[in-house]
>>> print(open('final-v3.cif').read())   # mmCIF, C-alpha atoms and all ligand atoms
data_start
#
loop_
_atom_site.group_PDB
_atom_site.id
_atom_site.type_symbol
_atom_site.label_atom_id
_atom_site.label_comp_id
_atom_site.auth_asym_id
_atom_site.auth_seq_id
_atom_site.Cartn_x
_atom_site.Cartn_y
_atom_site.Cartn_z
ATOM 1 C CA MET A 1213 18.178 14.282 53.932
ATOM 2 C CA ILE A 1214 17.463 13.313 50.344
ATOM 3 C CA ARG A 1215 13.947 13.562 48.932
ATOM 4 C CA LEU A 1216 13.115 10.572 46.733
ATOM 5 C CA ILE A 1217 10.415 11.374 44.209
ATOM 6 C CA GLY A 1218 9.052 8.149 42.749
ATOM 7 C CA PRO A 1219 10.284 4.545 43.022
ATOM 8 C CA ASP A 1220 12.987 4.965 40.366
ATOM 9 C CA THR A 1221 14.655 7.612 42.522
ATOM 10 C CA THR A 1222 14.682 5.207 45.457
ATOM 11 C CA ALA A 1223 16.363 2.581 43.263
ATOM 12 C CA ALA A 1224 18.831 5.205 42.007
ATOM 13 C CA ALA A 1225 19.777 6.066 45.605
ATOM 14 C CA GLY A 1226 20.463 2.363 46.190
ATOM 15 C CA ALA A 1227 22.485 2.211 42.991
ATOM 16 C CA SER A 1228 24.650 5.128 44.131
ATOM 17 C CA LEU A 1229 25.679 3.114 47.188
ATOM 18 C CA ALA A 1230 27.133 0.435 44.891
ATOM 19 C CA ARG A 1231 30.036 2.745 44.048
ATOM 20 C CA VAL A 1232 31.331 2.764 47.628
ATOM 21 C CA LEU A 1233 30.165 -0.536 49.120
ATOM 22 C CA ARG A 1234 32.835 -3.009 50.240
ATOM 23 C CA PRO A 1235 32.824 -6.535 51.653
ATOM 24 C CA GLY A 1236 32.351 -6.380 55.433
ATOM 25 C CA ASP A 1237 30.115 -3.291 55.260
ATOM 26 C CA VAL A 1238 26.756 -3.329 57.001
ATOM 27 C CA VAL A 1239 23.925 -1.166 55.685
ATOM 28 C CA ALA A 1240 20.889 -1.026 57.985
ATOM 29 C CA LEU A 1241 17.783 -0.002 56.067
ATOM 30 C CA ALA A 1242 14.967 1.067 58.386
ATOM 31 C CA GLY A 1243 11.432 2.148 57.521
ATOM 32 C CA ASP A 1244 7.820 1.022 57.749
ATOM 33 C CA LEU A 1245 6.207 -1.596 55.529
ATOM 34 C CA GLY A 1246 5.929 -0.114 52.072
ATOM 35 C CA ALA A 1247 8.464 2.635 52.715
ATOM 36 C CA GLY A 1248 10.700 1.535 49.839
ATOM 37 C CA LYS A 1249 13.442 -0.529 51.490
ATOM 38 C CA THR A 1250 13.307 -3.343 48.952
ATOM 39 C CA SER A 1251 13.161 -0.817 46.090
ATOM 40 C CA PHE A 1252 16.405 0.676 47.412
ATOM 41 C CA ALA A 1253 17.921 -2.807 47.771
ATOM 42 C CA ARG A 1254 16.960 -3.659 44.181
ATOM 43 C CA GLY A 1255 18.701 -0.567 42.902
ATOM 44 C CA LEU A 1256 21.838 -1.488 44.820
ATOM 45 C CA ILE A 1257 21.888 -5.160 43.842
ATOM 46 C CA GLU A 1258 21.264 -4.375 40.177
ATOM 47 C CA ALA A 1259 24.008 -1.754 40.197
ATOM 48 C CA LEU A 1260 26.354 -4.399 41.598
ATOM 49 C CA GLY A 1261 25.718 -6.343 38.408
ATOM 50 C CA PHE A 1262 22.766 -8.617 39.108
ATOM 51 C CA SER A 1263 20.545 -8.968 36.085
ATOM 52 C CA GLY A 1264 17.670 -11.169 37.322
ATOM 53 C CA GLU A 1265 14.621 -10.412 39.445
ATOM 54 C CA VAL A 1266 15.593 -9.267 42.953
ATOM 55 C CA PRO A 1267 13.004 -10.798 45.268
ATOM 56 C CA SER A 1268 12.100 -9.490 48.719
ATOM 57 C CA PRO A 1269 13.865 -11.680 51.269
ATOM 58 C CA SER A 1270 11.025 -11.820 53.800
ATOM 59 C CA PHE A 1271 10.970 -15.587 53.200
ATOM 60 C CA PRO A 1272 13.679 -16.828 53.190
ATOM 61 C CA ILE A 1273 15.042 -14.234 55.557
ATOM 62 C CA VAL A 1274 18.459 -14.169 53.876
ATOM 63 C CA ILE A 1275 19.199 -14.123 50.143
ATOM 64 C CA PRO A 1276 22.930 -14.415 49.503
ATOM 65 C CA TYR A 1277 24.494 -13.036 46.306
ATOM 66 C CA ALA A 1278 28.055 -13.663 45.161
ATOM 67 C CA PRO A 1279 30.388 -13.161 42.230
ATOM 68 C CA PRO A 1280 30.186 -13.585 39.308
ATOM 69 C CA GLU A 1281 26.525 -12.454 39.448
ATOM 70 C CA LEU A 1282 27.520 -9.538 41.672
ATOM 71 C CA SER A 1283 30.796 -7.639 41.892
ATOM 72 C CA LEU A 1284 31.073 -8.532 45.598
ATOM 73 C CA PRO A 1285 29.459 -11.013 47.995
ATOM 74 C CA LEU A 1286 26.324 -9.507 49.561
ATOM 75 C CA TRP A 1287 23.643 -10.839 51.872
ATOM 76 C CA HIS A 1288 20.216 -9.235 51.472
ATOM 77 C CA VAL A 1289 18.486 -9.740 54.816
ATOM 78 C CA ASP A 1290 14.936 -8.946 55.985
ATOM 79 C CA LEU A 1291 14.386 -9.426 59.717
ATOM 80 C CA TYR A 1292 10.669 -8.524 59.644
ATOM 81 C CA ARG A 1293 9.544 -12.000 60.633
ATOM 82 C CA ILE A 1294 12.066 -12.397 63.435
ATOM 83 C CA ASP A 1295 10.753 -11.907 66.927
ATOM 84 C CA ASP A 1296 13.375 -13.659 69.036
ATOM 85 C CA PRO A 1297 16.925 -12.239 69.105
ATOM 86 C CA GLU A 1298 18.230 -15.820 69.301
ATOM 87 C CA GLU A 1299 16.889 -16.444 65.801
ATOM 88 C CA ILE A 1300 19.081 -13.602 64.600
ATOM 89 C CA GLU A 1301 22.170 -15.244 66.029
ATOM 90 C CA GLU A 1302 21.321 -18.419 64.127
ATOM 91 C CA LEU A 1303 21.444 -16.533 60.841
ATOM 92 C CA GLY A 1304 25.219 -16.222 61.168
ATOM 93 C CA LEU A 1305 25.365 -12.576 60.132
ATOM 94 C CA ASP A 1306 28.492 -12.012 62.201
ATOM 95 C CA GLU A 1307 30.357 -14.709 60.312
ATOM 96 C CA ALA A 1308 28.992 -13.534 56.975
ATOM 97 C CA ARG A 1309 30.471 -10.101 57.606
ATOM 98 C CA GLY A 1310 33.876 -11.729 57.361
ATOM 99 C CA ASP A 1311 33.683 -11.678 53.586
ATOM 100 C CA SER A 1312 30.317 -10.209 52.574
ATOM 101 C CA ALA A 1313 28.503 -6.911 52.707
ATOM 102 C CA LEU A 1314 25.186 -7.042 54.591
ATOM 103 C CA LEU A 1315 22.090 -5.097 53.589
ATOM 104 C CA ILE A 1316 19.546 -5.454 56.389
ATOM 105 C CA GLU A 1317 15.854 -4.516 56.230
ATOM 106 C CA TRP A 1318 14.143 -4.197 59.645
ATOM 107 C CA PRO A 1319 17.458 -3.725 61.490
ATOM 108 C CA GLU A 1320 15.356 -2.563 64.472
ATOM 109 C CA ARG A 1321 14.870 -6.269 65.211
ATOM 110 C CA MET A 1322 18.550 -6.536 66.113
ATOM 111 C CA GLY A 1323 18.313 -3.922 68.857
ATOM 112 C CA SER A 1324 21.727 -3.414 70.394
ATOM 113 C CA MET A 1325 23.115 -6.339 68.372
ATOM 114 C CA LEU A 1326 23.380 -4.024 65.375
ATOM 115 C CA TRP A 1327 27.041 -3.210 64.823
ATOM 116 C CA PRO A 1328 28.031 0.376 65.667
ATOM 117 C CA ASP A 1329 29.903 0.717 62.367
ATOM 118 C CA ALA A 1330 26.751 0.077 60.303
ATOM 119 C CA LEU A 1331 25.521 2.785 57.944
ATOM 120 C CA ARG A 1332 22.005 3.476 59.191
ATOM 121 C CA LEU A 1333 19.568 4.601 56.534
ATOM 122 C CA THR A 1334 15.905 5.396 57.125
ATOM 123 C CA ILE A 1335 13.222 5.718 54.452
ATOM 124 C CA GLU A 1336 9.961 7.429 55.376
ATOM 125 C CA ARG A 1337 6.842 8.344 53.474
ATOM 126 C CA ASP A 1338 6.610 11.946 52.321
ATOM 127 C CA GLY A 1339 3.122 12.096 50.881
ATOM 128 C CA ASP A 1340 1.945 9.342 48.523
ATOM 129 C CA ASP A 1341 4.435 9.953 45.761
ATOM 130 C CA ALA A 1342 7.702 10.570 47.563
ATOM 131 C CA ARG A 1343 9.949 9.414 50.363
ATOM 132 C CA ARG A 1344 12.580 10.957 52.629
ATOM 133 C CA LEU A 1345 15.931 9.250 53.001
ATOM 134 C CA THR A 1346 17.867 10.144 56.164
ATOM 135 C CA TRP A 1347 20.963 8.549 57.672
ATOM 136 C CA GLN A 1348 23.439 8.202 60.480
ATOM 137 C CA ALA A 1349 26.890 7.557 59.088
ATOM 138 C CA PRO A 1350 29.541 6.362 61.569
ATOM 139 C CA ALA A 1351 33.275 6.938 61.094
ATOM 140 C CA ALA A 1352 33.615 3.806 58.938
ATOM 141 C CA TRP A 1353 31.494 5.613 56.319
ATOM 142 C CA GLU A 1354 33.227 8.967 56.413
ATOM 143 C CA GLY A 1355 33.916 10.140 52.879
ATOM 144 C CA ARG A 1356 31.658 7.404 51.481
ATOM 145 C CA TRP A 1357 28.184 8.494 52.615
ATOM 146 C CA PRO A 1358 26.587 10.826 51.820
ATOM 147 C CA LEU A 1359 28.023 10.698 48.329
ATOM 148 C CA ARG A 1360 29.400 13.902 46.987
HETATM 149 P P1 LIG B 1 9.480 -2.006 51.752
HETATM 150 O O1 LIG B 1 10.545 -2.990 51.344
HETATM 151 O O2 LIG B 1 10.017 -0.893 52.604
HETATM 152 O O3 LIG B 1 8.290 -2.660 52.416
HETATM 153 P P2 LIG B 1 9.045 -1.608 48.886
HETATM 154 O O4 LIG B 1 10.408 -1.337 48.395
HETATM 155 O O5 LIG B 1 8.473 -2.945 48.649
HETATM 156 O O6 LIG B 1 8.931 -1.271 50.464
HETATM 157 O O7 LIG B 1 8.156 -0.460 48.259
HETATM 158 C C1 LIG B 1 6.799 -0.278 48.537
HETATM 159 C C2 LIG B 1 6.188 0.610 47.499
HETATM 160 O O8 LIG B 1 6.709 1.928 47.556
HETATM 161 C C3 LIG B 1 6.434 0.118 46.071
HETATM 162 O O9 LIG B 1 5.200 0.151 45.396
HETATM 163 C C4 LIG B 1 7.392 1.139 45.504
HETATM 164 O O10 LIG B 1 7.230 1.302 44.121
HETATM 165 C C5 LIG B 1 6.998 2.393 46.252
HETATM 166 N N1 LIG B 1 8.054 3.417 46.319
HETATM 167 C C6 LIG B 1 9.369 3.233 46.578
HETATM 168 N N2 LIG B 1 10.034 4.397 46.572
HETATM 169 C C7 LIG B 1 9.127 5.365 46.291
HETATM 170 C C8 LIG B 1 9.221 6.798 46.150
HETATM 171 N N3 LIG B 1 10.366 7.440 46.318
HETATM 172 N N4 LIG B 1 8.081 7.462 45.872
HETATM 173 C C9 LIG B 1 6.910 6.808 45.730
HETATM 174 N N5 LIG B 1 6.752 5.466 45.854
HETATM 175 C C10 LIG B 1 7.857 4.752 46.129
HETATM 176 MG MG MG B 2 10.867 -5.047 51.862
#
>>> encode(input="final-v3.cif", output="structure tokens")
Amino acid sequence: MIRLIGPDTTAAAGASLARVLRPGDVVALAGDLGAGKTSFARGLIEALGFSGEVPSPSFPIVIPYAPPELSLPLWHVDLYRIDDPEEIEELGLDEARGDSALLIEWPERMGSMLWPDALRLTIERDGDDARRLTWQAPAAWEGRWPLR
């Protein structure tokens, strides 16, 4: 567990993931509305080199990033508005994994379609001014998360 005190700390936690993220990785970012998922994503995407505004991808559901703006191809995905698993298949996430990293908000919407090798992060409120970051790191993430 990591305690995140203030939004900048959430972004810094996202930024730390940039050091170990590779194409083909899936990072599932769970948490309620307002937990801080997009703040974490912003920290990561900026640390990968993006210098513009990082919008929330609730609409459109997928925002793709690629070099040279970012050091690696990354899809920022927000499944909040998805209610039919078939819609998820149409997004082509499986194919995207072939060359891109995937950062997925509301991964709960994928149910058992979420890949077992995904790094599962959860952000929860911890009072008004802090959050708790917890995770389940499968073998694919051994030695990469949590960061030492
Ligand atoms: P989500 O994408 O999970 O809906 P956001 O990233 O949009 O959430 O963040 C919602 C709010 O939470 C923002 O106002 C953000 O500044 C705030 N926030 C993020 N992390 C923290 C933190 N560690 N402590 C306090 N507030 C935070
Ligand atoms: Mg969000």
>>> residues_near_ligand(input="final-v3.cif", ligand="ligand LIG 1 (chain B)", cutoff="7 Å", atoms="only C-alpha atoms and all ligand atoms", output="list in words")
Leu1216, Ile1217, Gly1218, Pro1219, Asp1220, Thr1221, Thr1222, Gly1243, Asp1244, Leu1245, Gly1246, Ala1247, Gly1248, Lys1249, Thr1250, Ser1251, Phe1252, Asp1340, Asp1341, Ala1342 and Arg1343 of chain A
>>> closest_residue(input="final-v3.cif", among="A:Ala1259, A:Pro1350, A:Pro1272, A:Val1238", to="Asp1306 of chain A", atoms="only C-alpha atoms")
A:Val1238
>>> atom_distance(input="final-v3.cif", atom1="atom CA of Arg1356 of chain A", atom2="atom CA of Trp1327 of chain A")
17.7 Å
>>> resolve_selection(input="final-v3.cif", expression="the PyMOL selection byres (((chain A and resi 1231-1237) around 6) and not hetatm)", output="ChimeraX atom specification")
/A:1228-1230,1238,1309-1313
>>> residues_around(input="final-v3.cif", residues="segment 1292-1295 of chain A", least_positions_apart="4", cutoff="10 Å", atoms="all atoms listed in the file", output="VMD selection string")
chain A and resid 1245 1269 to 1273 1299 to 1300 1316 to 1322
>>> closest_residue(input="final-v3.cif", among="A:Glu1265, A:Ile1214, A:Val1289, A:Ile1275", to="ligand MG 2 (chain B)", atoms="only C-alpha atoms and all ligand atoms")
A:Val1289
>>> atom_distance(input="final-v3.cif", atom1="atom CA of Thr1334 of chain A", atom2="atom CA of Ala1227 of chain A")
15.9 Å
>>> residues_near_point(input="final-v3.cif", point="(25.6, -8.5, 44.9)", cutoff="8 Å", atoms="all atoms listed in the file", output="list in words")
Leu1256, Ile1257, Glu1258, Leu1260, Gly1261, Phe1262, Pro1276, Tyr1277, Ala1278, Pro1279, Glu1281, Leu1282, Ser1283, Leu1284, Pro1285, Leu1286 and Trp1287 of chain A
>>> closest_residue(input="final-v3.cif", among="A:Ile1335, A:Gly1304, A:Asp1329, A:Leu1241", to="Ala1349 of chain A", atoms="all atoms listed in the file")
A:Asp1329
>>> axis_aligned_box(input="final-v3.cif", around="segment 1331-1342 of chain A", padding_each_side="4 Å", output="lines of an AutoDock Vina configuration file")
center_x = 13.7
center_y = 7.4
center_z = 52.5
size_x = 31.6
size_y = 17.3
size_z = 21.4
>>> atom_distance(input="final-v3.cif", atom1="atom CA of Arg1332 of chain A", atom2="atom CA of Val1274 of chain A")
18.8 Å
>>> residues_around(input="final-v3.cif", residues="Leu1333 of chain A", least_positions_apart="2", cutoff="8 Å", atoms="only C-alpha atoms", output="NGL selection string")
:A and (1239-1242 or 1331 or 1335 or 1345-1348)
>>> decode(input="final-v3.cif", residues="segment 1300-1317 of chain A", atoms="N, CA, C and O atoms", output="mmCIF file, in the first residue's frame")
data_model
loop_
_atom_site.group_PDB
_atom_site.id
_atom_site.type_symbol
_atom_site.label_atom_id
_atom_site.label_comp_id
_atom_site.auth_asym_id
_atom_site.auth_seq_id
_atom_site.Cartn_x
_atom_site.Cartn_y
_atom_site.Cartn_z
ATOM 1 N N ILE A 1300 -16.606 -3.750 -25.785
ATOM 2 C CA ILE A 1300 -15.190 -3.795 -25.435
ATOM 3 C C ILE A 1300 -14.409 -4.513 -26.524
ATOM 4 O O ILE A 1300 -13.341 -4.071 -26.928
ATOM 5 N N GLU A 1301 -14.979 -5.592 -27.032
ATOM 6 C CA GLU A 1301 -14.293 -6.315 -28.105
ATOM 7 C C GLU A 1301 -14.069 -5.422 -29.309
ATOM 8 O O GLU A 1301 -13.031 -5.483 -29.969
ATOM 9 N N GLU A 1302 -15.049 -4.563 -29.594
ATOM 10 C CA GLU A 1302 -14.942 -3.682 -30.763
ATOM 11 C C GLU A 1302 -13.825 -2.653 -30.625
ATOM 12 O O GLU A 1302 -13.386 -2.073 -31.619
ATOM 13 N N LEU A 1303 -13.380 -2.413 -29.418
ATOM 14 C CA LEU A 1303 -12.309 -1.427 -29.230
ATOM 15 C C LEU A 1303 -10.966 -1.933 -29.769
ATOM 16 O O LEU A 1303 -10.072 -1.140 -30.045
ATOM 17 N N GLY A 1304 -10.824 -3.238 -29.889
ATOM 18 C CA GLY A 1304 -9.590 -3.796 -30.431
ATOM 19 C C GLY A 1304 -8.406 -3.724 -29.476
ATOM 20 O O GLY A 1304 -7.259 -3.587 -29.893
ATOM 21 N N LEU A 1305 -8.693 -3.841 -28.178
ATOM 22 C CA LEU A 1305 -7.613 -3.737 -27.194
ATOM 23 C C LEU A 1305 -6.611 -4.871 -27.357
ATOM 24 O O LEU A 1305 -5.401 -4.676 -27.208
ATOM 25 N N ASP A 1306 -7.131 -6.056 -27.658
ATOM 26 C CA ASP A 1306 -6.283 -7.231 -27.827
ATOM 27 C C ASP A 1306 -5.215 -6.979 -28.887
ATOM 28 O O ASP A 1306 -4.025 -7.245 -28.673
ATOM 29 N N GLU A 1307 -5.667 -6.454 -30.020
ATOM 30 C CA GLU A 1307 -4.761 -6.169 -31.125
ATOM 31 C C GLU A 1307 -3.782 -5.055 -30.743
ATOM 32 O O GLU A 1307 -2.591 -5.117 -31.054
ATOM 33 N N ALA A 1308 -4.296 -4.053 -30.053
ATOM 34 C CA ALA A 1308 -3.451 -2.928 -29.655
ATOM 35 C C ALA A 1308 -2.300 -3.374 -28.771
ATOM 36 O O ALA A 1308 -1.190 -2.849 -28.829
ATOM 37 N N ARG A 1309 -2.569 -4.374 -27.953
ATOM 38 C CA ARG A 1309 -1.515 -4.912 -27.068
ATOM 39 C C ARG A 1309 -0.326 -5.440 -27.828
ATOM 40 O O ARG A 1309 0.743 -5.611 -27.256
ATOM 41 N N GLY A 1310 -0.516 -5.726 -29.112
ATOM 42 C CA GLY A 1310 0.579 -6.237 -29.925
ATOM 43 C C GLY A 1310 1.758 -5.285 -29.978
ATOM 44 O O GLY A 1310 2.905 -5.714 -30.066
ATOM 45 N N ASP A 1311 1.488 -3.988 -29.906
ATOM 46 C CA ASP A 1311 2.618 -3.053 -29.971
ATOM 47 C C ASP A 1311 2.521 -1.903 -28.968
ATOM 48 O O ASP A 1311 3.444 -1.097 -28.869
ATOM 49 N N SER A 1312 1.415 -1.830 -28.232
ATOM 50 C CA SER A 1312 1.216 -0.690 -27.332
ATOM 51 C C SER A 1312 1.040 -1.143 -25.892
ATOM 52 O O SER A 1312 0.604 -2.266 -25.640
ATOM 53 N N ALA A 1313 1.345 -0.255 -24.972
ATOM 54 C CA ALA A 1313 0.947 -0.459 -23.582
ATOM 55 C C ALA A 1313 -0.499 0.023 -23.448
ATOM 56 O O ALA A 1313 -0.933 0.919 -24.163
ATOM 57 N N LEU A 1314 -1.252 -0.594 -22.543
ATOM 58 C CA LEU A 1314 -2.636 -0.182 -22.300
ATOM 59 C C LEU A 1314 -2.784 0.259 -20.857
ATOM 60 O O LEU A 1314 -2.386 -0.462 -19.937
ATOM 61 N N LEU A 1315 -3.362 1.437 -20.667
ATOM 62 C CA LEU A 1315 -3.677 1.934 -19.331
ATOM 63 C C LEU A 1315 -5.193 2.058 -19.283
ATOM 64 O O LEU A 1315 -5.771 2.864 -20.018
ATOM 65 N N ILE A 1316 -5.840 1.240 -18.446
ATOM 66 C CA ILE A 1316 -7.292 1.088 -18.521
ATOM 67 C C ILE A 1316 -7.972 1.532 -17.238
ATOM 68 O O ILE A 1316 -7.801 0.913 -16.173
ATOM 69 N N GLU A 1317 -8.753 2.621 -17.317
ATOM 70 C CA GLU A 1317 -9.610 3.033 -16.201
ATOM 71 C C GLU A 1317 -10.916 2.242 -16.298
ATOM 72 O O GLU A 1317 -11.364 1.928 -17.380
#
